[in-house]
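Asks: Pasting a structure here, questions to come.
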Amino acid sequence: MMFEIEIFTKKGFKNLRGEHILSDICGLSIENITRVEYSPLYVVDGDMSFSETEMIASEVLIDKITESYVIRQCDTECCSRVISESFDVKETDRLNLDFSVIEVWYKKGVTDTVSESVVKAVKDLGLIKEIKVKNGHKYYLYGEILQVTLNNVATRLLANTLIQEYKIH
């Protein structure tokens, strides 16, 4: 089974990477982006149960004090159905805000050392199963933003297009 784990900064804590990206955007004189939030993403693929995936999220991937997570069940192309949340703010809270999403992932064949570390940590937890982990980044950009601006931000700040690909939602 395949699961996507998205990590969020809890309310009351600063999303430092998001603030840093917003500062970089302002430095490029790009307007209409009022806020940026950053979330690490992990896709775990293998013979894993939901409870094992939840253990990976809570014991390996998050800082329990400052972060929370959402687990989505995936098919081969899309991870959409939320099956677990570890925090009180639902994704639907974003529905009332005007925002765009940029996801950044390594291209096939590129070494992903973060994913390799997660696989090792999972084995250290005692889960001796063959799994694959893919590491990505999700950026929520708030404001009324043109597609050309999103592409500009993605290629100039968020993705190294030699080794990474990006998707705009």
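Naming scheme: A, B, ... for chains in displayed order of the structure tokens; residues 1 onward per chain; ligands 1 onward as shown.
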Let's see if you can do this: from backbone DSSP, list all strand (DSSP E) residues in chain A, as a PyMOL selection string.
Replies: chain A and resi 2-9+35-46+67-74+79-85+99-106+131-142+164-168
Asks: Quick one: pick out all alpha helix (DSSP H) residues within chain A from a backbone DSSP run and write them as number ranges by chain.
Replies: A: 16-27, 50-56, 113-124, 147-153
Asks: Export, as an mmCIF file, in the first residue's frame, the selected residues with C-alpha atoms.
Replies:
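Dumped everything to out.cif:
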data_model
loop_
_atom_site.group_PDB
_atom_site.id
_atom_site.type_symbol
_atom_site.label_atom_id
_atom_site.label_comp_id
_atom_site.auth_asym_id
_atom_site.auth_seq_id
_atom_site.Cartn_x
_atom_site.Cartn_y
_atom_site.Cartn_z
ATOM 1 C CA LEU A 16 10.598 29.273 9.293
ATOM 2 C CA ARG A 17 11.158 27.811 5.846
ATOM 3 C CA GLY A 18 7.938 29.387 4.588
ATOM 4 C CA GLU A 19 8.973 32.766 6.019
ATOM 5 C CA HIS A 20 12.405 32.439 4.404
ATOM 6 C CA ILE A 21 10.857 31.685 0.989
ATOM 7 C CA LEU A 22 8.507 34.680 1.354
ATOM 8 C CA SER A 23 11.521 36.876 2.081
ATOM 9 C CA ASP A 24 13.253 35.537 -1.042
ATOM 10 C CA ILE A 25 10.110 36.196 -3.101
ATOM 11 C CA CYS A 26 10.004 39.793 -1.862
ATOM 12 C CA GLY A 27 13.701 40.120 -2.720
ATOM 13 C CA PHE A 50 -1.842 2.130 8.215
ATOM 14 C CA SER A 51 -0.730 1.711 11.850
ATOM 15 C CA GLU A 52 2.889 1.110 10.778
ATOM 16 C CA THR A 53 2.737 4.226 8.586
ATOM 17 C CA GLU A 54 1.333 6.216 11.493
ATOM 18 C CA MET A 55 4.203 4.970 13.670
ATOM 19 C CA ILE A 56 6.703 6.133 11.028
ATOM 20 C CA THR A 113 19.616 11.009 0.912
ATOM 21 C CA VAL A 114 16.662 12.066 3.097
ATOM 22 C CA SER A 115 14.623 9.127 1.807
ATOM 23 C CA GLU A 116 17.540 6.770 2.402
ATOM 24 C CA SER A 117 17.775 8.033 6.007
ATOM 25 C CA VAL A 118 14.052 7.473 6.560
ATOM 26 C CA VAL A 119 14.306 3.878 5.284
ATOM 27 C CA LYS A 120 17.198 3.268 7.702
ATOM 28 C CA ALA A 121 15.270 4.842 10.606
ATOM 29 C CA VAL A 122 12.255 2.640 9.854
ATOM 30 C CA LYS A 123 14.467 -0.447 10.057
ATOM 31 C CA ASP A 124 15.913 0.894 13.336
ATOM 32 C CA GLN A 147 0.380 31.145 -13.373
ATOM 33 C CA VAL A 148 3.462 32.823 -14.863
ATOM 34 C CA THR A 149 4.411 34.080 -11.389
ATOM 35 C CA LEU A 150 4.025 30.580 -9.925
ATOM 36 C CA ASN A 151 6.286 29.169 -12.636
ATOM 37 C CA ASN A 152 8.805 31.934 -11.962
ATOM 38 C CA VAL A 153 8.857 31.223 -8.211
#
Asks: Quick one: distance from atom CA of Tyr106 of chain A to atom CA of Tyr142 of chain A in Å, one decimal?
Replies: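 These two atoms are separated by 24.2 Å.
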Asks: For Val104 of chain A, which of A:Ala57, A:Ala159, A:Ile5, A:Leu127 is the closest residue, counting only C-alpha atoms?
Replies: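 Distance minimum relative to Val104 of chain A lands on A:Ala159.
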Asks: Considering only C-alpha atoms, return as a list in words whatever protein or nucleic-acid residues lie within 9 Å of Ser58 of chain A, sequence-local ones (same chain, fewer than 4 positions apart) excluded.
Replies: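 Here the answer would be Thr53, Glu54, Ile62, Asp63, Lys64, Ser68, Tyr69 and Ser86 of chain A.
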Asks: Kindly give the distance, in Å, that separates atom CA of His169 of chain A and atom CA of Asn15 of chain A, rounded to a single decimal.
Replies: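 It comes out at 20.7 Å.
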Asks: If you measure from atom CA of Met48 of chain A to atom CA of Ile7 of chain A, what distance in Å do you get, rounded to one decimal?
Replies: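 Rounded to one decimal, the two atoms are 18.9 Å apart.
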Asks: Near segment 41-43 of chain A, within 6 Å and counting only C-alpha atoms, which residues show up once chain neighbours fewer than 5 positions away are dropped, as a list of chain:residue names?
Replies: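 That gives A:Phe3, A:Glu4, A:Ile5, A:Glu6, A:Val133, A:Lys134, A:Asn135, A:Gly136, A:His137.
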Asks: List as number ranges by chain the protein and nucleic acid residues near Tyr166 of chain A, meaning an atom at most 9 Å away when only C-alpha atoms are counted, but skip any in the same chain fewer than 2 places from it.
Replies: A: 102-106, 154-155, 158-159, 161, 164, 168
